[in-house]
$ cat model_9.txt   # compact mmCIF, C-alpha atoms
# COMPACT_ATOMS: atom_id res chain seq x y z
CA MET A 556 58.36 48.57 -32.64
CA ILE A 557 61.99 47.79 -31.86
CA ASN A 558 64.82 46.73 -34.19
CA ALA A 559 66.76 43.45 -34.14
CA THR A 560 69.52 44.73 -31.87
CA GLU A 561 67.05 46.26 -29.44
CA GLU A 562 64.99 43.07 -29.27
CA LYS A 563 68.06 41.01 -28.35
CA ASN A 564 69.17 43.58 -25.77
CA SER A 565 65.70 43.58 -24.25
CA TYR A 566 65.79 39.82 -23.65
CA LEU A 567 69.43 39.93 -22.56
CA SER A 568 68.56 42.55 -19.96
CA SER A 569 65.67 40.40 -18.72
CA PHE A 570 68.01 37.40 -18.59
CA ASN A 571 70.55 39.28 -16.46
CA GLU A 572 67.80 40.19 -14.02
CA PHE A 573 66.52 36.63 -14.04
CA GLU A 574 69.98 35.20 -13.30
CA SER A 575 70.21 37.32 -10.17
CA SER A 576 66.77 36.27 -8.95
CA ALA A 577 66.05 33.51 -6.47
CA ALA A 578 64.33 31.42 -9.16
CA ALA A 579 67.62 30.93 -11.02
CA LYS A 580 69.87 30.17 -8.05
CA GLY A 581 70.99 26.88 -6.54
CA HIS A 582 71.40 24.79 -9.72
CA SER A 583 74.97 25.19 -10.93
CA TRP A 584 74.62 22.40 -13.51
CA LEU A 585 71.72 24.29 -15.10
CA ASP A 586 73.46 27.68 -15.11
CA SER A 587 75.79 26.73 -17.97
CA ILE A 588 72.88 25.42 -20.03
CA ARG A 589 70.90 28.62 -19.50
CA ARG A 590 73.86 30.81 -20.47
CA ALA A 591 74.65 28.75 -23.55
CA ALA A 592 71.02 28.98 -24.65
CA MET A 593 70.93 32.74 -24.13
CA GLY A 594 74.17 33.05 -26.04
CA ARG A 595 72.70 31.09 -28.89
CA PHE A 596 69.62 33.32 -28.98
CA THR A 597 71.76 36.45 -29.20
CA GLU A 598 73.62 34.85 -32.11
CA ILE A 599 70.67 33.82 -34.24
CA GLY A 600 67.88 36.17 -33.11
CA PHE A 601 64.28 35.61 -34.04
CA PRO A 602 63.63 33.72 -37.31
CA THR A 603 62.59 35.61 -40.42
CA THR A 604 60.54 34.58 -43.42
CA ARG A 605 63.80 34.16 -45.35
CA LEU A 606 64.22 30.84 -43.53
CA GLU A 607 62.50 27.90 -45.19
CA GLU A 608 60.97 26.68 -41.92
CA TRP A 609 59.39 30.09 -41.30
CA LYS A 610 58.63 31.36 -44.80
CA HIS A 611 54.86 31.42 -44.19
CA THR A 612 54.98 32.75 -40.62
CA SER A 613 56.31 36.16 -39.70
CA VAL A 614 57.13 36.54 -36.01
CA SER A 615 57.77 40.28 -36.32
CA PRO A 616 54.71 41.02 -34.11
CA ILE A 617 56.45 39.05 -31.33
CA ALA A 618 59.93 40.38 -32.00
CA GLY A 619 58.71 43.96 -32.08
CA ILE A 620 57.30 43.99 -28.53
CA PRO A 621 59.57 44.31 -25.46
CA PHE A 622 57.77 41.72 -23.34
CA LYS A 623 58.26 41.77 -19.60
CA LEU A 624 58.95 38.51 -17.77
CA ALA A 625 55.70 37.56 -16.04
CA ASP A 626 55.33 36.75 -12.37
CA GLY A 627 53.11 34.04 -10.95
CA LYS A 628 51.16 36.01 -8.37
CA PRO A 629 47.60 34.67 -8.03
CA ASN A 630 46.09 38.20 -7.91
CA GLY A 631 42.93 37.04 -6.16
CA LEU A 632 42.25 34.02 -8.39
CA THR A 633 40.52 31.10 -6.66
CA PRO A 634 39.77 27.53 -7.78
CA ALA A 635 36.24 28.71 -8.62
CA HIS A 636 37.65 31.12 -11.22
CA VAL A 637 39.34 28.29 -13.12
CA SER A 638 36.70 25.59 -12.68
CA GLU A 639 35.37 25.96 -16.23
CA TYR A 640 38.78 24.97 -17.59
CA THR A 641 39.02 21.77 -15.53
CA PHE A 642 37.36 18.43 -16.15
CA GLY A 643 34.67 18.64 -13.50
CA GLU A 644 34.34 15.66 -11.22
CA VAL A 645 36.86 13.55 -13.11
CA GLU A 646 39.50 12.12 -10.80
CA CYS A 647 42.84 13.57 -11.81
CA CYS A 648 45.97 15.17 -10.46
CA GLN A 649 45.79 18.82 -11.50
CA LEU A 650 48.73 21.21 -11.43
CA VAL A 651 47.84 24.83 -12.16
CA PHE A 652 50.36 27.40 -13.38
CA LEU A 653 49.71 31.12 -13.57
CA ASN A 654 51.89 32.97 -16.08
CA GLY A 655 54.23 29.98 -16.12
CA ARG A 656 54.66 29.67 -12.33
CA TYR A 657 53.18 26.91 -10.20
CA SER A 658 50.20 27.97 -8.08
CA PRO A 659 49.63 25.51 -5.19
CA GLY A 660 46.48 27.32 -4.07
CA LEU A 661 44.80 26.68 -7.43
CA SER A 662 46.04 23.10 -7.82
CA SER A 663 44.44 19.89 -6.63
CA LEU A 664 46.97 17.13 -6.04
CA LYS A 665 45.73 13.58 -5.60
CA SER A 666 47.54 10.80 -3.83
CA LEU A 667 49.61 8.99 -6.43
CA PRO A 668 51.10 5.48 -6.39
CA ARG A 669 54.50 5.22 -4.78
CA GLY A 670 57.37 6.54 -6.86
CA ILE A 671 55.30 8.65 -9.25
CA ARG A 672 56.13 12.35 -9.33
CA ALA A 673 53.75 15.02 -10.54
CA LYS A 674 55.03 18.34 -9.29
CA SER A 675 56.35 21.70 -10.33
CA LEU A 676 59.68 21.70 -12.14
CA ALA A 677 61.00 24.19 -9.59
CA ALA A 678 60.32 21.68 -6.79
CA ALA A 679 61.79 18.83 -8.83
CA LEU A 680 65.00 20.80 -9.47
CA ALA A 681 65.40 21.09 -5.70
CA ALA A 682 64.38 17.57 -4.67
CA ASP A 683 64.79 15.26 -7.69
CA ARG A 684 67.97 16.34 -9.41
CA ASP A 685 68.95 12.72 -10.13
CA LEU A 686 65.75 12.28 -12.14
CA VAL A 687 65.71 15.69 -13.81
CA GLU A 688 69.32 16.35 -14.81
CA PRO A 689 69.76 13.43 -17.25
CA HIS A 690 66.82 14.65 -19.36
CA LEU A 691 66.11 18.36 -18.92
CA ALA A 692 67.31 20.37 -21.95
CA ARG A 693 68.90 17.22 -23.41
CA HIS A 694 66.32 16.59 -26.14
CA ALA A 695 64.76 19.91 -27.27
CA ALA A 696 67.69 21.41 -29.15
CA TYR A 697 68.16 25.14 -28.68
CA ASN A 698 70.96 25.56 -31.20
CA ARG A 699 68.56 25.91 -34.17
CA ASN A 700 65.35 27.28 -32.67
CA ALA A 701 65.36 30.78 -31.18
CA PHE A 702 62.18 30.19 -29.18
CA THR A 703 63.50 26.97 -27.64
CA ALA A 704 66.72 28.84 -26.85
CA LEU A 705 64.77 31.57 -25.06
CA ASN A 706 62.73 29.06 -23.12
CA THR A 707 65.87 27.17 -22.10
CA ALA A 708 67.59 30.38 -21.01
CA PHE A 709 64.66 31.21 -18.72
CA ILE A 710 64.04 27.71 -17.30
CA ALA A 711 62.54 28.22 -13.86
CA ASP A 712 59.22 26.43 -13.59
CA GLY A 713 56.74 24.22 -15.34
CA ALA A 714 55.73 20.62 -14.71
CA PHE A 715 57.73 17.50 -13.94
CA VAL A 716 56.04 14.12 -14.42
CA PHE A 717 57.93 10.92 -13.69
CA LEU A 718 56.71 7.32 -13.71
CA PRO A 719 59.04 4.61 -12.45
CA PRO A 720 59.32 1.38 -14.45
CA GLY A 721 56.25 -0.85 -14.50
CA THR A 722 53.86 1.81 -13.18
CA ILE A 723 50.39 2.19 -14.69
CA LEU A 724 48.64 5.44 -13.76
CA LYS A 725 44.93 5.17 -14.47
CA GLU A 726 44.07 8.76 -13.52
CA MET A 727 45.15 11.48 -15.91
CA ILE A 728 47.50 14.31 -15.00
CA HIS A 729 46.23 17.75 -16.01
CA LEU A 730 48.74 20.57 -16.44
CA LEU A 731 46.70 23.77 -16.62
CA PHE A 732 48.60 26.87 -17.77
CA LEU A 733 46.69 30.11 -17.25
CA SER A 734 47.78 33.44 -18.68
CA ALA A 735 46.39 36.65 -17.24
CA GLY A 736 47.51 39.21 -19.79
CA ASP A 737 46.46 42.62 -18.52
CA SER A 738 47.78 46.14 -18.95
CA GLU A 739 51.38 44.89 -19.29
CA THR A 740 52.62 42.79 -22.19
CA VAL A 741 54.19 39.83 -20.41
CA VAL A 742 55.93 36.64 -21.49
CA SER A 743 56.07 33.28 -19.75
CA HIS A 744 58.36 30.33 -20.53
CA PRO A 745 56.77 27.14 -19.16
CA ARG A 746 59.12 24.16 -19.28
CA ASN A 747 57.75 20.65 -18.91
CA LEU A 748 59.55 17.33 -18.56
CA ILE A 749 57.67 14.02 -18.82
CA VAL A 750 59.66 10.83 -18.20
CA LEU A 751 58.13 7.35 -18.44
CA GLY A 752 60.11 4.39 -17.16
CA ALA A 753 60.10 1.03 -18.92
CA GLY A 754 56.65 -0.54 -19.08
CA SER A 755 54.83 2.43 -17.56
CA GLN A 756 51.61 4.04 -18.82
CA ALA A 757 50.12 7.51 -18.36
CA THR A 758 47.80 10.15 -19.78
CA VAL A 759 48.99 13.75 -19.57
CA VAL A 760 46.97 16.79 -20.64
CA GLU A 761 48.41 20.27 -21.20
CA SER A 762 45.86 23.11 -21.36
CA TYR A 763 46.81 26.68 -22.25
CA ILE A 764 44.11 29.19 -21.41
CA GLY A 765 43.85 32.98 -21.65
CA LEU A 766 41.86 34.38 -18.71
CA LYS A 767 41.70 37.91 -20.09
CA PRO A 768 41.62 39.34 -23.62
CA GLY A 769 44.96 41.10 -23.21
CA GLN A 770 48.10 40.73 -25.30
CA TYR A 771 50.76 38.37 -23.94
CA PHE A 772 53.23 35.75 -25.13
CA THR A 773 53.44 32.10 -24.09
CA ASN A 774 56.65 30.33 -25.10
CA ALA A 775 56.40 26.70 -23.98
CA VAL A 776 58.64 23.65 -24.34
CA THR A 777 57.76 20.06 -23.39
CA GLU A 778 60.27 17.22 -23.45
CA ILE A 779 59.01 13.63 -23.41
CA VAL A 780 61.19 10.60 -22.73
CA ALA A 781 59.33 7.33 -23.31
CA GLY A 782 61.13 4.27 -21.98
CA SER A 783 60.92 0.83 -23.52
CA ASP A 784 57.39 -0.66 -23.68
CA SER A 785 55.88 2.51 -22.20
CA VAL A 786 52.60 4.06 -23.35
CA LEU A 787 51.80 7.77 -23.26
CA ASP A 788 48.66 9.58 -24.39
CA HIS A 789 49.52 13.27 -24.56
CA TYR A 790 46.93 16.00 -25.15
CA LYS A 791 47.55 19.66 -25.78
CA LEU A 792 44.54 22.00 -25.73
CA GLN A 793 45.34 25.58 -26.75
CA ARG A 794 42.71 28.24 -26.03
CA GLU A 795 44.73 31.44 -25.63
CA SER A 796 43.13 34.87 -25.87
CA GLY A 797 42.42 36.35 -29.29
CA ARG A 798 45.34 38.79 -29.01
CA ALA A 799 47.88 36.38 -27.59
CA PHE A 800 51.02 34.87 -29.13
CA HIS A 801 51.65 31.18 -28.52
CA VAL A 802 54.79 29.32 -29.58
CA ALA A 803 55.34 25.76 -28.36
CA THR A 804 57.73 22.89 -28.97
CA LEU A 805 57.03 19.26 -28.13
CA GLN A 806 60.12 17.06 -28.36
CA ALA A 807 59.73 13.32 -27.77
CA ARG A 808 62.26 10.49 -27.76
CA GLN A 809 60.97 6.92 -27.84
CA ASP A 810 62.72 3.74 -26.76
CA ARG A 811 62.07 0.16 -27.89
CA ASN A 812 58.41 -0.87 -28.35
CA SER A 813 57.11 2.36 -26.82
CA SER A 814 53.91 4.06 -27.96
CA VAL A 815 53.29 7.80 -27.88
CA ALA A 816 50.08 9.45 -29.09
CA SER A 817 49.98 13.24 -29.47
CA HIS A 818 46.65 15.05 -29.76
CA SER A 819 46.98 18.78 -30.52
CA ILE A 820 43.96 21.11 -30.56
CA SER A 821 44.52 24.80 -31.43
CA LEU A 822 41.58 27.15 -31.13
CA GLY A 823 42.86 30.47 -29.77
CA GLY A 824 45.69 32.94 -30.23
CA ALA A 825 46.42 35.65 -32.77
CA LEU A 826 49.71 34.06 -33.87
CA VAL A 827 50.35 30.41 -33.04
CA ARG A 828 53.23 28.11 -33.88
CA ASN A 829 53.36 24.44 -32.83
CA ASP A 830 56.51 22.39 -33.42
CA ILE A 831 56.08 18.66 -32.72
CA ASN A 832 59.15 16.49 -33.13
CA MET A 833 59.13 12.73 -32.54
CA VAL A 834 62.26 10.57 -32.63
CA LEU A 835 61.59 6.84 -32.90
CA ASP A 836 64.98 5.84 -31.57
CA ALA A 837 64.65 2.06 -31.18
CA GLU A 838 62.91 -0.85 -32.89
CA GLY A 839 59.18 -1.44 -32.52
CA CYS A 840 58.13 2.14 -31.71
CA GLN A 841 54.69 3.49 -32.54
CA ALA A 842 53.84 7.18 -32.88
CA SER A 843 50.44 8.72 -33.54
CA LEU A 844 49.92 12.42 -34.25
CA ASN A 845 46.43 13.88 -34.42
CA GLY A 846 45.81 17.59 -34.80
CA LEU A 847 42.96 20.04 -35.26
CA TYR A 848 43.35 23.78 -35.81
CA VAL A 849 40.38 26.14 -36.09
CA THR A 850 40.91 29.77 -37.08
CA ASP A 851 38.78 32.83 -37.71
CA GLY A 852 39.19 36.58 -38.15
CA LYS A 853 42.88 37.29 -38.76
CA GLN A 854 44.27 34.39 -36.76
CA HIS A 855 47.39 32.63 -37.98
CA THR A 856 48.21 29.05 -36.91
CA ASP A 857 51.33 27.19 -38.05
CA ASN A 858 51.85 23.47 -37.34
CA HIS A 859 55.27 21.98 -38.07
CA THR A 860 55.75 18.28 -37.37
CA VAL A 861 58.72 15.96 -37.78
CA ILE A 862 58.56 12.19 -37.29
CA ASP A 863 62.10 10.83 -37.37
CA HIS A 864 62.25 7.08 -37.99
CA ALA A 865 65.78 6.45 -36.75
CA LYS A 866 65.51 2.68 -36.29
CA PRO A 867 63.81 -0.20 -38.16
CA HIS A 868 60.42 -1.84 -37.63
CA CYS A 869 58.62 1.32 -36.45
CA GLU A 870 55.20 2.69 -37.35
CA SER A 871 53.73 6.19 -37.41
CA ARG A 872 50.32 7.61 -38.25
CA GLU A 873 49.58 11.32 -38.62
CA LEU A 874 46.29 13.11 -39.34
CA TYR A 875 45.99 16.89 -39.08
CA LYS A 876 42.88 18.84 -40.04
CA GLY A 877 42.30 22.57 -40.35
CA ILE A 878 39.07 24.60 -40.37
CA LEU A 879 39.67 28.17 -41.53
CA ASN A 880 37.25 31.07 -41.72
CA GLY A 881 37.35 34.85 -42.16
CA LYS A 882 40.72 36.21 -43.27
CA SER A 883 42.63 33.69 -41.20
CA THR A 884 45.66 31.75 -42.41
CA GLY A 885 47.07 28.36 -41.61
CA VAL A 886 50.23 26.38 -42.23
CA PHE A 887 50.85 22.67 -42.11
CA ASN A 888 54.37 21.41 -42.70
CA GLY A 889 54.76 17.73 -41.90
CA LYS A 890 57.96 15.83 -42.49
CA ILE A 891 58.60 12.11 -42.18
CA ILE A 892 62.27 11.14 -42.14
CA VAL A 893 63.29 7.50 -42.67
CA ARG A 894 66.95 6.95 -41.87
CA GLN A 895 69.14 4.57 -43.84
CA ASP A 896 69.00 1.85 -41.19
CA ALA A 897 65.25 2.22 -40.58
CA GLN A 898 64.12 -0.66 -42.78
CA LYS A 899 60.55 -2.00 -42.50
CA THR A 900 59.21 1.46 -41.61
CA ASN A 901 55.47 1.93 -42.01
CA ALA A 902 54.38 5.57 -42.05
CA LYS A 903 51.30 7.47 -43.20
CA GLN A 904 50.71 11.21 -43.12
CA THR A 905 47.53 13.10 -44.08
CA ASN A 906 46.56 16.76 -43.91
CA LYS A 907 43.04 17.96 -44.79
CA ASN A 908 41.81 21.54 -44.75
CA LEU A 909 38.33 23.04 -44.93
CA LEU A 910 38.01 26.69 -46.03
CA LEU A 911 34.79 28.34 -44.91
CA SER A 912 35.37 31.72 -46.57
CA GLU A 913 36.79 33.07 -49.81
CA GLU A 914 39.55 34.96 -47.98
CA ALA A 915 40.85 32.13 -45.76
CA LEU A 916 44.21 30.71 -46.85
CA VAL A 917 46.24 27.63 -45.96
CA ASN A 918 49.70 26.51 -47.03
CA THR A 919 50.28 22.77 -46.73
CA ALA A 920 53.47 20.83 -47.40
CA PRO A 921 53.56 17.14 -46.46
CA GLN A 922 57.05 15.77 -47.00
CA LEU A 923 58.89 12.44 -47.11
CA GLU A 924 62.65 12.06 -46.79
CA ILE A 925 63.42 8.37 -47.29
CA PHE A 926 66.94 6.93 -47.16
CA ALA A 927 65.94 3.26 -46.79
CA ASP A 928 64.62 0.97 -49.53
CA ASP A 929 62.33 -1.47 -47.70
CA VAL A 930 59.60 0.84 -46.40
CA LYS A 931 55.92 1.62 -46.77
CA CYS A 932 55.29 5.38 -46.64
CA THR A 933 52.46 7.55 -47.93
CA HIS A 934 51.48 11.17 -47.59
CA GLY A 935 48.83 13.51 -48.94
CA ALA A 936 47.03 16.82 -48.49
CA THR A 937 43.67 18.28 -49.50
CA ILE A 938 42.13 21.76 -49.46
CA GLY A 939 38.45 22.21 -50.11
CA ARG A 940 35.11 23.74 -49.20
CA LEU A 941 31.83 22.36 -47.92
CA ASN A 942 30.18 19.99 -50.37
CA ASP A 943 27.20 21.60 -52.13
CA ASP A 944 25.42 18.27 -52.58
CA GLU A 945 25.69 17.48 -48.88
CA LEU A 946 24.41 20.97 -48.01
CA PHE A 947 21.48 20.51 -50.39
CA TYR A 948 20.67 17.11 -48.87
CA LEU A 949 20.52 18.51 -45.32
CA ARG A 950 18.51 21.56 -46.36
CA SER A 951 16.05 19.35 -48.24
CA ARG A 952 15.42 17.60 -44.90
CA GLY A 953 14.34 20.86 -43.27
CA ILE A 954 17.65 21.88 -41.75
CA GLY A 955 18.52 25.58 -42.04
CA GLU A 956 21.56 26.65 -44.01
CA GLU A 957 23.66 27.77 -41.04
CA SER A 958 22.78 24.64 -39.06
CA ALA A 959 23.66 22.49 -42.06
CA ARG A 960 27.02 24.22 -42.42
CA THR A 961 27.71 23.73 -38.71
CA LEU A 962 26.84 20.03 -38.86
CA LEU A 963 29.06 19.41 -41.88
CA THR A 964 31.94 21.38 -40.38
CA TYR A 965 31.67 19.48 -37.12
CA ALA A 966 31.56 16.19 -39.04
CA PHE A 967 34.80 17.18 -40.78
CA ALA A 968 36.51 17.37 -37.37
CA SER A 969 34.80 14.37 -35.82
CA ASP A 970 37.48 11.75 -36.51
CA ILE A 971 40.09 13.89 -34.75
CA LEU A 972 37.83 14.22 -31.72
CA GLY A 973 36.89 10.55 -31.87
CA ALA A 974 40.56 9.56 -31.57
CA MET A 975 40.64 11.03 -28.06
CA LYS A 976 40.47 8.16 -25.60
CA VAL A 977 39.63 10.32 -22.58
CA LYS A 978 35.94 11.13 -22.94
CA PRO A 979 35.88 14.19 -20.61
CA ILE A 980 38.48 15.83 -22.84
CA GLN A 981 36.55 14.94 -25.96
CA CYS A 982 33.31 16.31 -24.46
CA GLN A 983 34.94 19.59 -23.44
CA ILE A 984 36.42 20.17 -26.89
CA ASP A 985 33.10 19.17 -28.43
CA LEU A 986 31.35 21.94 -26.51
CA VAL A 987 34.01 24.55 -27.24
CA LEU A 988 34.10 23.67 -30.94
CA LEU A 989 30.32 23.66 -31.36
CA ASN A 990 30.07 27.00 -29.56
CA ARG A 991 32.78 28.38 -31.84
CA LEU A 992 31.02 27.13 -34.97
CA THR A 993 27.57 28.38 -33.98
CA GLN A 994 28.96 31.87 -33.23
CA ARG A 995 30.69 31.98 -36.60
$ encode --input "model_9.txt" --output "structure tokens"
Amino acid sequence: MINATEEKNSYLSSFNEFESSAAAKGHSWLDSIRRAAMGRFTEIGFPTTRLEEWKHTSVSPIAGIPFKLADGKPNGLTPAHVSEYTFGEVECCQLVFLNGRYSPGLSSLKSLPRGIRAKSLAAALAADRDLVEPHLARHAAYNRNAFTALNTAFIADGAFVFLPPGTILKEMIHLLFLSAGDSETVVSHPRNLIVLGAGSQATVVESYIGLKPGQYFTNAVTEIVAGSDSVLDHYKLQRESGRAFHVATLQARQDRNSSVASHSISLGGALVRNDINMVLDAEGCQASLNGLYVTDGKQHTDNHTVIDHAKPHCESRELYKGILNGKSTGVFNGKIIVRQDAQKTNAKQTNKNLLLSEEALVNTAPQLEIFADDVKCTHGATIGRLNDDELFYLRSRGIGEESARTLLTYAFASDILGAMKVKPIQCQIDLVLLNRLTQR
């Protein structure tokens, strides 16, 4: 283990090496942002449990390891090796990243309508500066979050998705992030930027997969800019290895009459933190947040969400569910903010948790901060166990106890899965979840 000073020096040393590398050169406008972000990280360091936002999640296991910046070498991987993490024969544009770096040999790019970009961020920084610069690192604030600051300091690659105004993309875009933690403890900092022009529509899927059972750290940031009247369905599927650390921030800004739906599924990882922040920054916006986290053993998963109603006549719906087993722990902290001018806001937030063992623990804190007087806002949370009467009913019909428990647990999660509009995604998560429950 290393102390606080050593941990900062370790990342500062890595940053100095990164700055001199080819990946960091050629973008003078980005250099100042990177340096400011690194400076901010050295000021605040990793969060501790003394901070209200982190009181239930200790990141000392991350802070205590001197992670090495990962490279993106394919190391013999072929498309066949990653086929089980794709969506089969479904037509889609798939960008594959290995340890945070784009891998063209593993990707399958489809012909896209004119004007649409779906490429690596590194390529976009070189060829599409006019589209990238106005948005990159302009929304996910690094002044308060150490992990966002680190990611911003090490911006090099990730995905860039851009839809010009009035474009409707029927095929989904799949961003597949593979981590190959091996003998070395490595860290990757994927940075994604998704920009939808006015009246455009798209479906974007982010998958985070651990190929090996090693220990590694994924620190991801995604910025979403939804133009007026645009529609985005965003999916995040997290299936890291059982020893991995995963910290991710999703920051979205919505313009007038836009609609953004976020579906977050967390199944893997030893220590996981998801921050999802939505800013409804013009009238008529709609935001939908659906989440499912499933933990076992000694896993720890922390979901923090903020829906900021900054303007009037907006609507948000949030439903997060947790299934916890073994000695695992979970956190849900959901905050809805209604600004003073955001009259006629309609917001609903619900968190439900199912504990499958006596030693599983969840901390839930749904919150409302309302500064307007003409609003309709509700929130609630539940923590419970499987219903004995329902178990008895199934067993009285000849269903074994374990099968009955699996059926009821799956039923608990079914409305989250049912909200997924893309059936191949729903089917894949169905299979993974059922396999997880039957092995319990």
$ residues_around --input "model_9.txt" --residues "Ala799 (chain A)" --least-positions-apart "2" --cutoff "10 Å" --atoms "all atoms listed in the file" --output "PyMOL selection string"
chain A and resi 617+734+736+740+765+767-773+794-797+801+823-827
$ closest_residue --input "model_9.txt" --among "A:Ile892, A:Gln649, A:Gly939, A:Ser817" --to "Met727 (chain A)" --atoms "all atoms listed in the file"
A:Gln649
$ closest_residue --input "model_9.txt" --among "A:Lys580, A:Lys931, A:Arg746, A:Arg669" --to "Gly655 (chain A)" --atoms "all atoms listed in the file"
A:Arg746
$ closest_residue --input "model_9.txt" --among "A:Leu751, A:Ile820, A:Val886, A:Leu680" --to "Trp609 (chain A)" --atoms "all atoms listed in the file"
A:Val886
$ closest_residue --input "model_9.txt" --among "A:Leu731, A:Val834, A:Val687, A:Ile862" --to "Arg672 (chain A)" --atoms "only C-alpha atoms"
A:Val687
$ closest_residue --input "model_9.txt" --among "A:Phe926, A:Phe601, A:Phe573, A:Trp584" --to "Ala704 (chain A)" --atoms "all atoms listed in the file"
A:Phe601
$ residues_around --input "model_9.txt" --residues "Phe732 (chain A)" --least-positions-apart "3" --cutoff "7 Å" --atoms "all atoms listed in the file" --output "PyMOL selection string"
chain A and resi 651-653+655+762-764
$ residues_around --input "model_9.txt" --residues "Glu688 (chain A)" --least-positions-apart "3" --cutoff "12 Å" --atoms "all atoms listed in the file" --output "ChimeraX atom specification"
/A:582-585,588,676,679-685,691-694,715,748,750
$ write_last_selection --input "model_9.txt" --atoms "C-alpha atoms" --output "CSV table (one decimal), in the coordinates of the input"
chain,number,residue,atom,x,y,z
A,582,HIS,CA,71.4,24.8,-9.7
A,583,SER,CA,75.0,25.2,-10.9
A,584,TRP,CA,74.6,22.4,-13.5
A,585,LEU,CA,71.7,24.3,-15.1
A,588,ILE,CA,72.9,25.4,-20.0
A,676,LEU,CA,59.7,21.7,-12.1
A,679,ALA,CA,61.8,18.8,-8.8
A,680,LEU,CA,65.0,20.8,-9.5
A,681,ALA,CA,65.4,21.1,-5.7
A,682,ALA,CA,64.4,17.6,-4.7
A,683,ASP,CA,64.8,15.3,-7.7
A,684,ARG,CA,68.0,16.3,-9.4
A,685,ASP,CA,69.0,12.7,-10.1
A,691,LEU,CA,66.1,18.4,-18.9
A,692,ALA,CA,67.3,20.4,-22.0
A,693,ARG,CA,68.9,17.2,-23.4
A,694,HIS,CA,66.3,16.6,-26.1
A,715,PHE,CA,57.7,17.5,-13.9
A,748,LEU,CA,59.6,17.3,-18.6
A,750,VAL,CA,59.7,10.8,-18.2
$ closest_residue --input "model_9.txt" --among "A:Ala842, A:Asn812, A:Arg960, A:Glu761" --to "Tyr948 (chain A)" --atoms "all atoms listed in the file"
A:Arg960
